[in-house]
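I have placed the structure first, in the form of structure tokens, so that the comments after it can refer back to it.
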Amino acid sequence: MSTAKTHTESNSAAQTAAQIETPTEIARDVIRIEAEALSALHAALPADFDAVVTRLLEVKGRVIVSGMGKSGHIAAKIAATMASTGTPAQYVHPGEASHGDLGMITRQDALILISNSGETRELADIIAHSRRFAIPLIAITKKPDSTLGQQADFLLTLPNAPEACAIGMAPTTSTTCTLALGDALAVAMMRLRGFERENFLAFHPGGTLGAQLLRVSSVMHTGTALPIVSQETPMGETLIEMTAKGFGVAAVVEEGRLLAVITDGDLRRNLSDLMARTAGQVATRNPRSILPEALLSEALGVMNTHKISALFAVDETGQLRGLVHIHDILRAGVA
């Protein structure tokens with residue numbers, strides 16, 4: 001009897017072990033469920049989407065985004081994305097709104113309220129405020145017949161997809177779809193506004209991203225800092241100019257136009273009779289240059305490709321405007 005019991009327990013343990021999922025299997029299942037929901041959202045984008053984008057583009061104030069709990073975290077991210085891509089936006093916590101922050105929401109604004117169920121009680125005061133002052137209300141919810149859905153002027157309905165958590169209750173799939181919908185709104189407005197890289201830089205001046213979007217004109221040396229000589233300048237004077245300016249190069253200029261460049265390599269190639277020559281006789285013609293409006297990352301690419309440490313900036317007519325050195329790019333944080 002004891003042997004039979006042991007055998008039964010062993011089979012039960014083996015069955016239990018076989019039923020245990022690995023973390024990788026769980027992860028793939030979660031991603032599959034959420035990906036299927038995103039596919040459903042893609043296939044059936046809410047009918048009000050175009051109208052919502054049109055209305056938000058007309059807003060004279062800000063887009064106020066709000067939600068409670070996990071929806072609140074998503075709301076904050078949506079507001080941040082909009083604000084950084086040309087649409088003035090702000091997250092307002094619904095609890096704080098009920099204790100004075102409703103004053104942040106004006107008639108010039110538009111509201112995006114997020115609630116999967118559409119019955120989040122903390123949103124009640126914001127909903128009432130929007131109706132009282134005729135503030136456009138956009139709802140993101142899975143329940144169009146909910147209180148939020150019925151009160152909204154525009155409805156962005158989430159797909160009726162299961163949550164990816166083990167008990168089917170923790171916000172997972174719903175928040176992923178909401179975030180994707182928020183990104184779609186932000187990018188649609190960004191493109192329709194004609195929001196470009198230079199606009200993005202204005203909102204992201206710090207960090208690596210800001211550095212990657214810096215232009216040559218923002219760091220280049222200009223005016224008297226430039227090592228400039230004419231074609232007739234004796235090489236003795238040219239060496240003095242190169243040494244004084246400290247870039248290891250000199251620009252050969254005529255009537256403001258860059259004609260040629262003198263580098264250390266040019267000096268070595270003409271070493272035997274260097275001092276008997278003029279700058280024009282030593283310089284390399286048709287030098288590589290870059291536009292002042294070009295990105296610093298582009299200038300770095302030119303320097304790396306051609307193994308040079310300095311690059312003169314000229315405008316479309318060939319007029320010399322400045323010089324950027326590899327050290328300037330490194331200090332800017334691009335490399």
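In the structure tokens, chains take letters A, B, ... by order of appearance, with residues numbered from 1 within each chain and ligands from 1 in the order shown.
Backbone DSSP of range 10-126 of chain A yields strand (DSSP E or B) at A:Val63, A:Ile64, A:Val65, A:Ser66, A:Gly67, A:Ala89, A:Gln90, A:Tyr91, A:Ala110, A:Leu111, A:Ile112, A:Leu113, A:Ile114.
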Compile the contact shell of Glu163 in chain A as a ChimeraX atom specification: residues with an atom at most 7 Å away, counting only C-alpha atoms, same-chain residues fewer than 3 positions apart removed. /A:168-174
With C-alpha atoms retained, write the just-selected residues as a PDB file, in the first residue's frame.
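Output below, filename again.pdb:
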```pdb
ATOM      1  CA  GLY A 168      -7.368  38.595 -16.452  1.00  0.00           C
ATOM      2  CA  MET A 169      -7.774  41.705 -14.298  1.00  0.00           C
ATOM      3  CA  ALA A 170      -4.482  43.624 -14.035  1.00  0.00           C
ATOM      4  CA  PRO A 171      -4.243  46.372 -16.691  1.00  0.00           C
ATOM      5  CA  THR A 172      -1.876  44.982 -19.317  1.00  0.00           C
ATOM      6  CA  THR A 173      -3.437  44.608 -22.750  1.00  0.00           C
ATOM      7  CA  SER A 174      -5.703  47.609 -22.187  1.00  0.00           C
TER       8      SER A 174
END
```
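Distances from A:Leu41, A:Ile20, A:Ala186, A:Ala299 to Ser84 in chain A were compared using only C-alpha atoms, and the smallest one belongs to A:Ala186.
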In range 70-274 of chain A, what's helix (DSSP H, G or I) per DSSP? Answer as a ChimeraX atom specification? /A:70-84,94-97,101-104,121-132,147-151,173-193,197-203,207-212,216-218,223-225,235-245,264-269,271-274
Selected residues written out with C-alpha atoms, as a compact mmCIF listing (two decimals), in the first residue's frame:
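To be explicit, this is the file written out as part22.txt:
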```txt
# COMPACT_ATOMS: atom_id res chain seq x y z
CA LYS A 70 -2.34 52.49 -14.39
CA SER A 71 -4.43 54.59 -16.78
CA GLY A 72 -2.96 57.64 -15.06
CA HIS A 73 0.57 56.50 -15.80
CA ILE A 74 -0.36 56.02 -19.45
CA ALA A 75 -2.08 59.43 -19.48
CA ALA A 76 1.09 61.09 -18.20
CA LYS A 77 3.15 59.44 -20.92
CA ILE A 78 0.70 60.47 -23.64
CA ALA A 79 0.76 64.07 -22.40
CA ALA A 80 4.57 64.04 -22.35
CA THR A 81 4.76 62.65 -25.89
CA MET A 82 2.34 65.26 -27.21
CA ALA A 83 4.15 68.10 -25.45
CA SER A 84 7.49 67.04 -26.93
CA PRO A 94 -8.00 63.24 -11.14
CA GLY A 95 -7.68 63.14 -7.36
CA GLU A 96 -5.84 66.45 -7.28
CA ALA A 97 -8.34 67.86 -9.77
CA ASP A 101 -6.48 71.39 -9.89
CA LEU A 102 -9.67 71.72 -11.93
CA GLY A 103 -8.51 75.32 -12.17
CA MET A 104 -5.81 74.08 -14.56
CA ARG A 121 -15.34 57.39 -9.93
CA GLU A 122 -12.27 59.64 -9.51
CA LEU A 123 -12.98 61.06 -12.99
CA ALA A 124 -16.49 62.23 -12.06
CA ASP A 125 -15.50 65.78 -11.12
CA ILE A 126 -13.44 66.28 -14.30
CA ILE A 127 -16.32 64.98 -16.42
CA ALA A 128 -18.74 67.34 -14.67
CA HIS A 129 -16.30 70.25 -15.10
CA SER A 130 -15.99 69.56 -18.83
CA ARG A 131 -19.76 69.51 -19.26
CA ARG A 132 -20.26 72.66 -17.21
CA THR A 147 -20.77 56.85 -18.00
CA LEU A 148 -17.57 58.20 -19.54
CA GLY A 149 -18.47 56.90 -22.99
CA GLN A 150 -21.93 58.46 -22.90
CA GLN A 151 -20.70 61.84 -21.70
CA THR A 173 -3.44 44.61 -22.75
CA SER A 174 -5.70 47.61 -22.19
CA THR A 175 -2.84 49.92 -21.20
CA THR A 176 -0.73 48.74 -24.14
CA CYS A 177 -3.56 49.56 -26.56
CA THR A 178 -4.18 52.90 -24.87
CA LEU A 179 -0.52 53.83 -25.12
CA ALA A 180 -0.45 52.88 -28.81
CA LEU A 181 -3.57 54.94 -29.42
CA GLY A 182 -2.00 57.92 -27.64
CA ASP A 183 1.16 57.57 -29.74
CA ALA A 184 -0.98 57.46 -32.88
CA LEU A 185 -2.70 60.71 -31.89
CA ALA A 186 0.59 62.45 -31.08
CA VAL A 187 2.31 61.36 -34.29
CA ALA A 188 -0.70 62.20 -36.46
CA MET A 189 -0.75 65.75 -35.05
CA MET A 190 3.02 65.98 -35.30
CA ARG A 191 2.95 65.20 -39.01
CA LEU A 192 -0.03 67.39 -39.78
CA ARG A 193 1.61 70.32 -37.97
CA ARG A 197 13.76 67.86 -36.45
CA GLU A 198 14.67 71.43 -35.54
CA ASN A 199 11.39 71.79 -33.64
CA PHE A 200 12.14 68.56 -31.80
CA LEU A 201 15.57 69.88 -30.81
CA ALA A 202 13.97 72.99 -29.31
CA PHE A 203 12.08 70.74 -26.86
CA GLY A 207 21.18 64.71 -23.32
CA THR A 208 22.43 62.57 -26.16
CA LEU A 209 19.28 63.12 -28.21
CA GLY A 210 19.73 66.87 -28.09
CA ALA A 211 23.39 66.54 -29.00
CA GLN A 212 22.59 64.38 -32.02
CA VAL A 216 27.26 72.80 -37.11
CA SER A 217 26.33 76.48 -36.76
CA SER A 218 25.70 75.99 -33.04
CA GLY A 223 35.09 85.66 -37.39
CA THR A 224 38.58 86.41 -36.14
CA ALA A 225 38.89 82.90 -34.70
CA MET A 235 54.06 80.26 -46.14
CA GLY A 236 56.00 81.87 -43.28
CA GLU A 237 53.00 84.07 -42.49
CA THR A 238 50.65 81.16 -43.13
CA LEU A 239 52.42 79.03 -40.50
CA ILE A 240 52.12 81.88 -38.01
CA GLU A 241 48.37 82.10 -38.72
CA MET A 242 47.90 78.34 -38.37
CA THR A 243 49.83 78.29 -35.09
CA ALA A 244 47.99 81.29 -33.65
CA LYS A 245 44.52 79.87 -34.36
CA ASP A 264 49.59 69.30 -41.84
CA GLY A 265 49.73 66.84 -44.72
CA ASP A 266 50.20 69.66 -47.21
CA LEU A 267 53.06 71.02 -45.11
CA ARG A 268 54.83 67.66 -45.03
CA ARG A 269 54.45 67.13 -48.78
CA LEU A 271 58.69 70.45 -46.73
CA SER A 272 61.76 70.68 -48.98
CA ASP A 273 60.99 74.20 -50.26
CA LEU A 274 58.06 75.15 -48.05
```
List the spatial neighbours of Ala40 in chain A as a short mmCIF file (atom, residue, chain, number, x, y, z; two decimals) with C-alpha atoms, in the first residue's frame - criterion: any atom at most 10 Å away, only C-alpha atoms, same-chain residues fewer than 2 positions off excluded.
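Full text of around-v8.cif as output:
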```cif
data_model
loop_
_atom_site.label_atom_id
_atom_site.label_comp_id
_atom_site.auth_asym_id
_atom_site.auth_seq_id
_atom_site.Cartn_x
_atom_site.Cartn_y
_atom_site.Cartn_z
CA GLU A 34 -1.09 42.04 -26.46
CA ALA A 35 0.04 41.80 -30.08
CA GLU A 36 -3.32 40.32 -31.06
CA ALA A 37 -5.07 43.22 -29.34
CA LEU A 38 -2.89 45.74 -31.17
CA HIS A 42 -5.03 48.42 -36.18
CA ALA A 43 -7.77 46.65 -38.13
CA ALA A 44 -10.58 48.62 -36.54
CA LEU A 45 -9.24 52.06 -35.60
CA LEU A 158 -10.38 50.06 -27.14
CA PRO A 159 -10.61 46.54 -28.60
CA ASN A 160 -12.52 44.03 -26.53
CA ALA A 161 -9.44 41.94 -25.84
CA CYS A 177 -3.56 49.56 -26.56
#
```
Which residues of range 148-254 of chain A sit at most 12 Å from range 21-26 of chain A, using only C-alpha atoms? Give each one's shortest atom pair and distance in Å (one decimal place), in chain and ascending residue order, as CSV.
```
residue,atom,partner,partner_atom,distance
A:Ala164,CA,A:Ile26,CA,9.7
A:Cys165,CA,A:Ile26,CA,9.7
A:Ala166,CA,A:Ile26,CA,9.4
```
Hey, can you spit out that residue selection with C-alpha atoms as an mmCIF file, in the first residue's frame?
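Output file result-v6.cif follows:
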```cif
data_model
loop_
_atom_site.group_PDB
_atom_site.id
_atom_site.type_symbol
_atom_site.label_atom_id
_atom_site.label_comp_id
_atom_site.auth_asym_id
_atom_site.auth_seq_id
_atom_site.Cartn_x
_atom_site.Cartn_y
_atom_site.Cartn_z
ATOM 1 C CA ALA A 164 -2.617 39.414 -20.484
ATOM 2 C CA CYS A 165 -2.250 38.815 -16.744
ATOM 3 C CA ALA A 166 -2.887 35.394 -15.160
#
```
The distance between CA of Arg107 in chain A and CA of Arg55 in chain A is 13.7 Å
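Proximity ranking of A:Val30, A:Val52, A:Leu111, A:Ala152 relative to Val65 in chain A places A:Leu111 first, based on only C-alpha atoms.
Note that CA of Gly246 in chain A and CA of Thr263 in chain A are 11.8 Å apart.
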Name the closest residue to Leu323 in chain A among the candidates A:Gln281, A:Ser230, A:Thr222, A:Asn116; distances are taken between atoms, counting only C-alpha atoms. A:Thr222
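Pairwise distance (CA of Ala139 in chain A, CA of Ile33 in chain A) equals 23.6 Å.
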List every residue of range 102-189 of chain A that has an atom at most 7 Å from any atom of range 58-62 of chain A, giving for each one its closest atom pair and the distance in Å to one decimal, counting only C-alpha atoms, sorted by chain and then by ascending residue number, as JSON lines.
```
{"residue": "A:Gln108", "atom": "CA", "partner": "A:Gly61", "partner_atom": "CA", "distance": 4.6}
{"residue": "A:Asp109", "atom": "CA", "partner": "A:Gly61", "partner_atom": "CA", "distance": 4.6}
{"residue": "A:Ala110", "atom": "CA", "partner": "A:Arg62", "partner_atom": "CA", "distance": 6.5}
```
May I have the selected residues written with all heavy atoms, as a PDB file, in the first residue's frame?
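The result, written out as result_39.pdb:
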```
ATOM      1  N   GLN A 108     -10.337  76.881 -23.101  1.00  0.00           N
ATOM      2  CA  GLN A 108      -9.485  76.838 -24.286  1.00  0.00           C
ATOM      3  C   GLN A 108      -8.837  75.461 -24.490  1.00  0.00           C
ATOM      4  O   GLN A 108      -8.187  75.226 -25.508  1.00  0.00           O
ATOM      5  CB  GLN A 108      -8.363  77.889 -24.170  1.00  0.00           C
ATOM      6  CG  GLN A 108      -8.856  79.305 -23.970  1.00  0.00           C
ATOM      7  CD  GLN A 108      -9.690  79.777 -25.147  1.00  0.00           C
ATOM      8  OE1 GLN A 108      -9.290  79.638 -26.293  1.00  0.00           O
ATOM      9  NE2 GLN A 108     -10.857  80.335 -24.857  1.00  0.00           N
ATOM     10  N   ASP A 109      -9.036  74.561 -23.525  1.00  0.00           N
ATOM     11  CA  ASP A 109      -8.384  73.257 -23.553  1.00  0.00           C
ATOM     12  C   ASP A 109      -9.294  72.186 -24.152  1.00  0.00           C
ATOM     13  O   ASP A 109     -10.454  72.434 -24.483  1.00  0.00           O
ATOM     14  CB  ASP A 109      -7.973  72.838 -22.136  1.00  0.00           C
ATOM     15  CG  ASP A 109      -7.017  73.823 -21.495  1.00  0.00           C
ATOM     16  OD1 ASP A 109      -6.247  74.467 -22.234  1.00  0.00           O
ATOM     17  OD2 ASP A 109      -7.046  73.963 -20.253  1.00  0.00           O
ATOM     18  N   ALA A 110      -8.736  70.998 -24.277  1.00  0.00           N
ATOM     19  CA  ALA A 110      -9.508  69.800 -24.625  1.00  0.00           C
ATOM     20  C   ALA A 110      -9.075  68.702 -23.659  1.00  0.00           C
ATOM     21  O   ALA A 110      -7.930  68.678 -23.202  1.00  0.00           O
ATOM     22  CB  ALA A 110      -9.254  69.379 -26.059  1.00  0.00           C
TER      23      ALA A 110
END
```
Which residue gives the smallest distance to Asn270 in chain A among A:Arg257, A:Thr141, A:Gly318, A:Thr284, with only C-alpha atoms counted? A:Thr284
Selection: 12 Å around Ile308 in chain A, only C-alpha atoms, excl. self and same-chain fewer than 4 positions, as an mmCIF file with all heavy atoms, in the first residue's frame:
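Once everything was written out, this is selection_24.cif:
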```cif
data_model
loop_
_atom_site.group_PDB
_atom_site.id
_atom_site.type_symbol
_atom_site.label_atom_id
_atom_site.label_comp_id
_atom_site.auth_asym_id
_atom_site.auth_seq_id
_atom_site.Cartn_x
_atom_site.Cartn_y
_atom_site.Cartn_z
ATOM 1 N N PHE A 247 44.126 75.289 -34.958
ATOM 2 C CA PHE A 247 43.280 74.215 -35.485
ATOM 3 C C PHE A 247 44.054 73.245 -36.375
ATOM 4 O O PHE A 247 43.515 72.245 -36.841
ATOM 5 C CB PHE A 247 42.113 74.786 -36.295
ATOM 6 C CG PHE A 247 41.170 75.617 -35.473
ATOM 7 C CD1 PHE A 247 41.064 76.988 -35.677
ATOM 8 C CD2 PHE A 247 40.400 75.029 -34.482
ATOM 9 C CE1 PHE A 247 40.197 77.757 -34.921
ATOM 10 C CE2 PHE A 247 39.527 75.789 -33.714
ATOM 11 C CZ PHE A 247 39.426 77.159 -33.933
ATOM 12 N N GLY A 248 45.322 73.593 -36.683
ATOM 13 C CA GLY A 248 46.108 72.720 -37.545
ATOM 14 C C GLY A 248 45.765 72.822 -39.009
ATOM 15 O O GLY A 248 46.207 72.007 -39.821
ATOM 16 N N VAL A 249 44.957 73.819 -39.381
ATOM 17 C CA VAL A 249 44.575 74.033 -40.775
ATOM 18 C C VAL A 249 44.496 75.535 -41.043
ATOM 19 O O VAL A 249 44.463 76.344 -40.102
ATOM 20 C CB VAL A 249 43.200 73.406 -41.106
ATOM 21 C CG1 VAL A 249 43.242 71.895 -40.999
ATOM 22 C CG2 VAL A 249 42.113 73.979 -40.214
ATOM 23 N N VAL A 261 42.403 74.526 -48.849
ATOM 24 C CA VAL A 261 42.723 74.333 -47.431
ATOM 25 C C VAL A 261 44.156 73.836 -47.306
ATOM 26 O O VAL A 261 44.616 73.019 -48.113
ATOM 27 C CB VAL A 261 41.755 73.312 -46.779
ATOM 28 C CG1 VAL A 261 42.245 72.913 -45.402
ATOM 29 C CG2 VAL A 261 40.352 73.887 -46.681
ATOM 30 N N THR A 263 46.635 71.834 -44.760
ATOM 31 C CA THR A 263 46.656 70.953 -43.607
ATOM 32 C C THR A 263 48.085 70.547 -43.284
ATOM 33 O O THR A 263 49.025 70.874 -44.030
ATOM 34 C CB THR A 263 45.836 69.685 -43.880
ATOM 35 O OG1 THR A 263 46.497 68.914 -44.906
ATOM 36 C CG2 THR A 263 44.422 70.023 -44.345
ATOM 37 N N ASP A 264 48.253 69.812 -42.193
ATOM 38 C CA ASP A 264 49.585 69.302 -41.837
ATOM 39 C C ASP A 264 50.151 68.432 -42.947
ATOM 40 O O ASP A 264 51.365 68.434 -43.202
ATOM 41 C CB ASP A 264 49.508 68.497 -40.538
ATOM 42 C CG ASP A 264 49.272 69.391 -39.324
ATOM 43 O OD1 ASP A 264 49.571 70.600 -39.425
ATOM 44 O OD2 ASP A 264 48.768 68.894 -38.302
ATOM 45 N N GLY A 265 49.277 67.687 -43.620
ATOM 46 C CA GLY A 265 49.730 66.837 -44.718
ATOM 47 C C GLY A 265 50.308 67.650 -45.860
ATOM 48 O O GLY A 265 51.325 67.258 -46.467
ATOM 49 N N PRO A 287 38.438 71.666 -51.359
ATOM 50 C CA PRO A 287 38.441 70.908 -50.100
ATOM 51 C C PRO A 287 37.038 70.452 -49.708
ATOM 52 O O PRO A 287 36.032 70.994 -50.168
ATOM 53 C CB PRO A 287 38.983 71.927 -49.099
ATOM 54 C CG PRO A 287 38.510 73.247 -49.642
ATOM 55 C CD PRO A 287 38.618 73.118 -51.138
ATOM 56 N N ARG A 288 37.001 69.475 -48.848
ATOM 57 C CA ARG A 288 35.712 69.051 -48.295
ATOM 58 C C ARG A 288 35.209 70.115 -47.328
ATOM 59 O O ARG A 288 35.970 70.682 -46.556
ATOM 60 C CB ARG A 288 35.857 67.709 -47.592
ATOM 61 C CG ARG A 288 36.158 66.578 -48.561
ATOM 62 C CD ARG A 288 36.332 65.258 -47.863
ATOM 63 N NE ARG A 288 36.631 64.242 -48.856
ATOM 64 C CZ ARG A 288 37.828 63.964 -49.320
ATOM 65 N NH1 ARG A 288 38.866 64.636 -48.865
ATOM 66 N NH2 ARG A 288 38.008 63.031 -50.224
ATOM 67 N N SER A 289 33.911 70.339 -47.364
ATOM 68 C CA SER A 289 33.308 71.341 -46.487
ATOM 69 C C SER A 289 31.917 70.871 -46.112
ATOM 70 O O SER A 289 31.461 69.801 -46.554
ATOM 71 C CB SER A 289 33.237 72.705 -47.190
ATOM 72 O OG SER A 289 32.444 72.617 -48.368
ATOM 73 N N ALA A 299 28.689 66.064 -39.736
ATOM 74 C CA ALA A 299 30.073 66.545 -39.776
ATOM 75 C C ALA A 299 31.025 65.492 -39.235
ATOM 76 O O ALA A 299 32.113 65.262 -39.797
ATOM 77 C CB ALA A 299 30.201 67.844 -38.981
ATOM 78 N N LEU A 300 30.620 64.827 -38.174
ATOM 79 C CA LEU A 300 31.454 63.774 -37.600
ATOM 80 C C LEU A 300 31.632 62.637 -38.599
ATOM 81 O O LEU A 300 32.735 62.076 -38.723
ATOM 82 C CB LEU A 300 30.814 63.246 -36.313
ATOM 83 C CG LEU A 300 31.551 62.107 -35.612
ATOM 84 C CD1 LEU A 300 32.949 62.540 -35.182
ATOM 85 C CD2 LEU A 300 30.750 61.614 -34.406
ATOM 86 N N GLY A 301 30.564 62.304 -39.322
ATOM 87 C CA GLY A 301 30.661 61.248 -40.319
ATOM 88 C C GLY A 301 31.659 61.593 -41.409
ATOM 89 O O GLY A 301 32.445 60.742 -41.847
ATOM 90 N N VAL A 302 31.659 62.855 -41.862
ATOM 91 C CA VAL A 302 32.614 63.288 -42.888
ATOM 92 C C VAL A 302 34.042 63.189 -42.355
ATOM 93 O O VAL A 302 34.954 62.708 -43.045
ATOM 94 C CB VAL A 302 32.307 64.731 -43.338
ATOM 95 C CG1 VAL A 302 33.390 65.241 -44.283
ATOM 96 C CG2 VAL A 302 30.939 64.801 -44.012
ATOM 97 N N MET A 303 34.237 63.642 -41.118
ATOM 98 C CA MET A 303 35.577 63.596 -40.526
ATOM 99 C C MET A 303 36.078 62.161 -40.389
ATOM 100 O O MET A 303 37.241 61.858 -40.700
ATOM 101 C CB MET A 303 35.567 64.276 -39.162
ATOM 102 C CG MET A 303 35.372 65.774 -39.209
ATOM 103 S SD MET A 303 35.394 66.492 -37.541
ATOM 104 C CE MET A 303 35.022 68.209 -37.906
ATOM 105 N N ASN A 304 35.208 61.271 -39.936
ATOM 106 C CA ASN A 304 35.613 59.869 -39.766
ATOM 107 C C ASN A 304 35.932 59.219 -41.111
ATOM 108 O O ASN A 304 36.914 58.478 -41.241
ATOM 109 C CB ASN A 304 34.508 59.082 -39.061
ATOM 110 C CG ASN A 304 34.416 59.408 -37.583
ATOM 111 O OD1 ASN A 304 35.385 59.858 -36.980
ATOM 112 N ND2 ASN A 304 33.261 59.197 -36.988
ATOM 113 N N PHE A 312 35.708 73.003 -42.636
ATOM 114 C CA PHE A 312 35.208 74.367 -42.815
ATOM 115 C C PHE A 312 33.741 74.331 -43.244
ATOM 116 O O PHE A 312 33.330 73.456 -44.016
ATOM 117 C CB PHE A 312 36.048 75.115 -43.859
ATOM 118 C CG PHE A 312 37.389 75.547 -43.349
ATOM 119 C CD1 PHE A 312 38.530 74.835 -43.654
ATOM 120 C CD2 PHE A 312 37.487 76.674 -42.526
ATOM 121 C CE1 PHE A 312 39.773 75.228 -43.164
ATOM 122 C CE2 PHE A 312 38.721 77.080 -42.036
ATOM 123 C CZ PHE A 312 39.865 76.360 -42.350
ATOM 124 N N VAL A 324 34.449 73.853 -37.848
ATOM 125 C CA VAL A 324 34.126 72.960 -36.739
ATOM 126 C C VAL A 324 35.258 71.947 -36.592
ATOM 127 O O VAL A 324 35.732 71.372 -37.567
ATOM 128 C CB VAL A 324 32.768 72.251 -36.960
ATOM 129 C CG1 VAL A 324 32.770 71.401 -38.223
ATOM 130 C CG2 VAL A 324 32.401 71.408 -35.741
ATOM 131 N N HIS A 325 35.695 71.763 -35.346
ATOM 132 C CA HIS A 325 36.796 70.849 -35.049
ATOM 133 C C HIS A 325 36.237 69.622 -34.340
ATOM 134 O O HIS A 325 35.195 69.687 -33.693
ATOM 135 C CB HIS A 325 37.828 71.562 -34.166
ATOM 136 C CG HIS A 325 39.139 70.834 -34.069
ATOM 137 N ND1 HIS A 325 39.364 69.841 -33.145
ATOM 138 C CD2 HIS A 325 40.301 70.964 -34.788
ATOM 139 C CE1 HIS A 325 40.603 69.394 -33.291
ATOM 140 N NE2 HIS A 325 41.194 70.067 -34.278
ATOM 141 N N ILE A 326 36.939 68.512 -34.459
ATOM 142 C CA ILE A 326 36.499 67.270 -33.815
ATOM 143 C C ILE A 326 36.305 67.457 -32.317
ATOM 144 O O ILE A 326 35.401 66.881 -31.713
ATOM 145 C CB ILE A 326 37.513 66.122 -34.099
ATOM 146 C CG1 ILE A 326 37.000 64.803 -33.540
ATOM 147 C CG2 ILE A 326 38.878 66.455 -33.550
ATOM 148 C CD1 ILE A 326 35.773 64.279 -34.222
ATOM 149 N N HIS A 327 37.134 68.306 -31.701
ATOM 150 C CA HIS A 327 36.991 68.551 -30.264
ATOM 151 C C HIS A 327 35.675 69.248 -29.933
ATOM 152 O O HIS A 327 35.088 69.027 -28.868
ATOM 153 C CB HIS A 327 38.173 69.381 -29.748
ATOM 154 C CG HIS A 327 39.478 68.661 -29.789
ATOM 155 N ND1 HIS A 327 40.705 69.305 -29.748
ATOM 156 C CD2 HIS A 327 39.758 67.342 -29.900
ATOM 157 C CE1 HIS A 327 41.673 68.413 -29.800
ATOM 158 N NE2 HIS A 327 41.130 67.204 -29.901
#
```
